[in-house]
Amino acid sequence: MAVALTMARMKVAVLRHAFHGGRAQTAATGAALGVLFAAGTIYLAFAGPDLLAAGYAVWMLGWMLGPAFMGGGDETLRPEYFSLLGLPPRRLAAGLLAAAFVGLAPLVSLTALLGLLVAGVRLGPANALLAVPAMVLQLAVFVLLSKVSVAVVGLALRSRLGAVASGVLNGAILAGLGQIWVFFWAFGQTGVPSAVWYLPSGWGLLAVQGDWRALAALAVLVLLLLGAWAALLGRRAGATRPSARGRRPMTAATVNGAIVAKELRTWSRDLVRNHQLTFALSYGVCFGASPLLLGWDGMLPYAGPIFIVMAAAMAANLYGTDGTALWLTLMTPGVSDVRGRQLAWLSAQAPVAIVITVAFTAITGGPWPLMLALLPALLGGATGLVPLISVYGLVPGTDPHRRAGNPLRTSEDDGGLTGLAYLALALVLLTGVPAGLAALWFGWAGVAVGVVTGVLFAWGFGLLAERRLRSHGPELLETMRTGRRPRPTARSRFDELSKTKKAITWWCFGFGAIPLFPQGVVAAVFVGNGMLRHTWFLATYMPSGLQYPVAAAFIVLGLAMYGTGLWTLKPRSSG
């Protein structure tokens, strides 16, 4: 008990000094979104128990899969920090579990679990009392499932076969969740599947409804997961590295050739990159192949473009993952490794993208112009944007030789990594728009547009990245070495705003897209296509005379939010 309380206080002390500057703003935005989702989950308690059970299933999957995709989860306190204390594995696991309950994510999840209390109050006083231990045990299950899943993936990443298998499995799971409607439609499931009641996420609700066995099952599951995590922590220290014996040395006659050789060697040896590559490939193939369950193969050719976009998102922090190795480049005057890294990334990803795009397009018989136009456009855009995003939005990473027992943990800034990944997804998709539109409008002429835009994007964005690296190389190295960004010498307009105006600006730019696009533009498209009562799009639930006005009102609201943000940032005249 004393160990658990001590670790919890350590976690509080670390977090008290951790959230400042950009990290605090990212955390505040994430917390606000989490509270919105939690409020929606509590609302499901009034809508019906089936929907609430489904909501908690989504929360459980988020706890299990999210850390595996976004940097290995919360590791403010690592097991390696306490290795010299001689703590038994179970006491260490219990202490780390207590510390894991401290933070924004557990607090937001506990808020969502208030839906159990609402469901209990609606059933009676005794059920409301049962909801309190059910909430605590359910949260413990969420946290422990997250820890165990991350530990299992971490062990898998210690061998090449495990890294590949883990990437394939994780990519397939995420693609399946993205195409869940396909599975529901294919198997005739029109409502909430009954399986959500049998998942551990539904046991708390069963307990609130008066099933004491479910409450006991939650307690037993917590003990089992705690034991499994303790066993996995014991194996975590024994990390192994792949052997380089039997490999032929790579030789190069030019500077760029040496960089390409080094990068290709890294792509073949680094198990984290192996995992990322297979994850992107599995996601693209499974996402495109899922509609085959319905007998529709129209999405299959898009597996290649989806793979390119996802692979670029995985590599968006290219320089950050190498850590302080940048000094090798900076110490050679007049040399930049951007072009070599671009060629290496293209050499590793392009053959895979070409094979699956051509093969799947041949299987479906087309559309050849569109696919052959998107392929070079997206490859060129990704090749240029990967180093550009990395040097402009670099997230300080851990040197590969200093990574802890959790191989997924390549940086301490999970929010920054997630933001870079989403930014890469959006920007790479945009690079394919000109070629895609040209192919749809003019047919085979779009292929030429794709080739030209791909070459221009790769060359132009690479040139910008090269200039940035040469002009700000020392600052980037200092950021990677210390984990702190250098303070700007000149204050921006945002820095001059008051706290209230800063908050208004962040909310306007951060949430203006919600009313503008999904609740406005997308909802209007759904109404126009007769897709009524569709998930969370409010306009689709309105009477016929109010559907388009409500969608238009949301569009106006979104534009007004962006306008307010811009107006707040507008410099004020001194006169």
# chains A, B, ... in the order shown; residues from 1 in each chain; ligands from 1

call {"tool": "select_by_dssp", "arguments": {"residues": "region 298-488 of chain A", "states": "helix (DSSP H, G or I)", "output": "NGL selection string"}}
result
:A and (300-314 or 318-321 or 323-330 or 338-364 or 368-392 or 400-402 or 414-431 or 433-442 or 445-482)

call {"tool": "residues_around", "arguments": {"residues": "Leu110 (chain A)", "least_positions_apart": "3", "cutoff": "9 Å", "atoms": "only C-alpha atoms", "output": "tab-separated table (two decimals) with N, CA and C atoms, in the first residue's frame"}}
result
chain	number	residue	atom	x	y	z
A	38	ALA	N	-17.20	11.76	-23.15
A	38	ALA	CA	-17.72	11.23	-21.89
A	38	ALA	C	-19.17	11.66	-21.67
A	105	ALA	N	-6.44	10.97	-18.78
A	105	ALA	CA	-7.18	9.90	-19.43
A	105	ALA	C	-8.02	9.08	-18.44
A	106	PRO	N	-7.46	8.64	-17.30
A	106	PRO	CA	-8.31	7.93	-16.34
A	106	PRO	C	-9.43	8.80	-15.80
A	107	LEU	N	-9.17	10.09	-15.59
A	107	LEU	CA	-10.22	10.97	-15.07
A	107	LEU	C	-11.35	11.11	-16.06
A	113	LEU	N	-17.72	6.71	-17.08
A	113	LEU	CA	-18.30	5.61	-16.30
A	113	LEU	C	-19.39	6.07	-15.34
A	114	LEU	N	-19.58	7.38	-15.22
A	114	LEU	CA	-20.72	7.87	-14.44
A	114	LEU	C	-22.04	7.41	-15.05
A	135	MET	N	-17.92	0.99	-11.07
A	135	MET	CA	-17.16	2.02	-11.78
A	135	MET	C	-15.66	1.87	-11.53
A	136	VAL	N	-15.29	1.65	-10.27
A	136	VAL	CA	-13.86	1.54	-9.93
A	136	VAL	C	-13.25	0.31	-10.59
A	138	GLN	N	-14.39	-1.32	-13.21
A	138	GLN	CA	-14.40	-1.19	-14.67
A	138	GLN	C	-13.24	-0.33	-15.14
A	139	LEU	N	-12.96	0.76	-14.42
A	139	LEU	CA	-11.82	1.60	-14.78
A	139	LEU	C	-10.51	0.83	-14.62

call {"tool": "residues_around", "arguments": {"residues": "Met1 (chain A)", "least_positions_apart": "2", "cutoff": "9 Å", "atoms": "only C-alpha atoms", "output": "PDB file with all heavy atoms, in the first residue's frame"}}
result
ATOM      1  N   VAL A   3       3.909   1.532  -1.167  1.00  0.00           N
ATOM      2  CA  VAL A   3       4.546   1.666  -2.477  1.00  0.00           C
ATOM      3  C   VAL A   3       3.581   2.304  -3.470  1.00  0.00           C
ATOM      4  O   VAL A   3       3.950   3.196  -4.247  1.00  0.00           O
ATOM      5  CB  VAL A   3       5.025   0.298  -2.979  1.00  0.00           C
ATOM      6  CG1 VAL A   3       5.516   0.395  -4.409  1.00  0.00           C
ATOM      7  CG2 VAL A   3       6.128  -0.245  -2.080  1.00  0.00           C
ATOM      8  N   ALA A   4       2.324   1.851  -3.447  1.00  0.00           N
ATOM      9  CA  ALA A   4       1.333   2.385  -4.379  1.00  0.00           C
ATOM     10  C   ALA A   4       1.098   3.870  -4.142  1.00  0.00           C
ATOM     11  O   ALA A   4       1.053   4.673  -5.089  1.00  0.00           O
ATOM     12  CB  ALA A   4       0.031   1.605  -4.249  1.00  0.00           C
ATOM     13  N   LEU A   5       0.967   4.271  -2.869  1.00  0.00           N
ATOM     14  CA  LEU A   5       0.733   5.685  -2.575  1.00  0.00           C
ATOM     15  C   LEU A   5       1.939   6.534  -2.945  1.00  0.00           C
ATOM     16  O   LEU A   5       1.800   7.658  -3.456  1.00  0.00           O
ATOM     17  CB  LEU A   5       0.399   5.850  -1.097  1.00  0.00           C
ATOM     18  CG  LEU A   5      -0.947   5.278  -0.641  1.00  0.00           C
ATOM     19  CD1 LEU A   5      -1.117   5.434   0.868  1.00  0.00           C
ATOM     20  CD2 LEU A   5      -2.087   5.959  -1.370  1.00  0.00           C
ATOM     21  N   THR A   6       3.133   5.992  -2.726  1.00  0.00           N
ATOM     22  CA  THR A   6       4.342   6.744  -3.073  1.00  0.00           C
ATOM     23  C   THR A   6       4.434   6.972  -4.580  1.00  0.00           C
ATOM     24  O   THR A   6       4.739   8.077  -5.044  1.00  0.00           O
ATOM     25  CB  THR A   6       5.591   5.986  -2.586  1.00  0.00           C
ATOM     26  OG1 THR A   6       5.520   5.835  -1.170  1.00  0.00           O
ATOM     27  CG2 THR A   6       6.856   6.751  -2.954  1.00  0.00           C
ATOM     28  N   ARG A  91       4.227  -6.283  -6.368  1.00  0.00           N
ATOM     29  CA  ARG A  91       4.200  -4.988  -5.685  1.00  0.00           C
ATOM     30  C   ARG A  91       4.538  -3.865  -6.658  1.00  0.00           C
ATOM     31  O   ARG A  91       3.945  -2.776  -6.612  1.00  0.00           O
ATOM     32  CB  ARG A  91       5.185  -4.986  -4.521  1.00  0.00           C
ATOM     33  CG  ARG A  91       4.763  -5.868  -3.347  1.00  0.00           C
ATOM     34  CD  ARG A  91       5.733  -5.718  -2.199  1.00  0.00           C
ATOM     35  NE  ARG A  91       5.705  -4.362  -1.651  1.00  0.00           N
ATOM     36  CZ  ARG A  91       6.564  -3.916  -0.722  1.00  0.00           C
ATOM     37  NH1 ARG A  91       7.535  -4.719  -0.288  1.00  0.00           N
ATOM     38  NH2 ARG A  91       6.478  -2.697  -0.268  1.00  0.00           N
ATOM     39  N   ALA A  94       1.453  -3.359  -8.778  1.00  0.00           N
ATOM     40  CA  ALA A  94       0.395  -2.676  -8.028  1.00  0.00           C
ATOM     41  C   ALA A  94       0.715  -1.189  -7.874  1.00  0.00           C
ATOM     42  O   ALA A  94      -0.170  -0.335  -7.986  1.00  0.00           O
ATOM     43  CB  ALA A  94       0.218  -3.327  -6.663  1.00  0.00           C
ATOM     44  N   GLY A  95       1.993  -0.870  -7.614  1.00  0.00           N
ATOM     45  CA  GLY A  95       2.370   0.535  -7.493  1.00  0.00           C
ATOM     46  C   GLY A  95       2.209   1.294  -8.793  1.00  0.00           C
ATOM     47  O   GLY A  95       1.689   2.417  -8.818  1.00  0.00           O
TER      48      GLY A  95
END

call {"tool": "closest_residue", "arguments": {"among": "A:Leu77, A:Ala219, A:Ile354, A:Ala28", "to": "Trp507 (chain A)", "atoms": "only C-alpha atoms"}}
result
A:Ala28

call {"tool": "atom_distance", "arguments": {"atom1": "CA of Leu205 (chain A)", "atom2": "CA of Ser146 (chain A)"}}
result
20.1 Å

call {"tool": "atom_distance", "arguments": {"atom1": "CA of Gly202 (chain A)", "atom2": "CA of Leu123 (chain A)"}}
result
16.7 Å

call {"tool": "residues_around", "arguments": {"residues": "region 276-291 of chain A", "least_positions_apart": "6", "cutoff": "10 Å", "atoms": "only C-alpha atoms", "output": "MDAnalysis selection string"}}
result
chainID A and resid 69 163:183 185:186 267 297:315 348:349 352:353 356:357 360

call {"tool": "residues_around", "arguments": {"residues": "Leu52 (chain A)", "least_positions_apart": "2", "cutoff": "12 Å", "atoms": "only C-alpha atoms", "output": "JSON, numbers by chain"}}
result
{"A": [38, 39, 40, 41, 42, 43, 44, 45, 46, 47, 48, 49, 50, 54, 55, 56, 57, 58, 59, 112, 113, 114, 115, 116, 117, 118, 119, 192, 196, 197, 201, 202, 203, 204, 205, 206]}

call {"tool": "atom_distance", "arguments": {"atom1": "CA of Val260 (chain A)", "atom2": "CA of Ala344 (chain A)"}}
result
5.0 Å
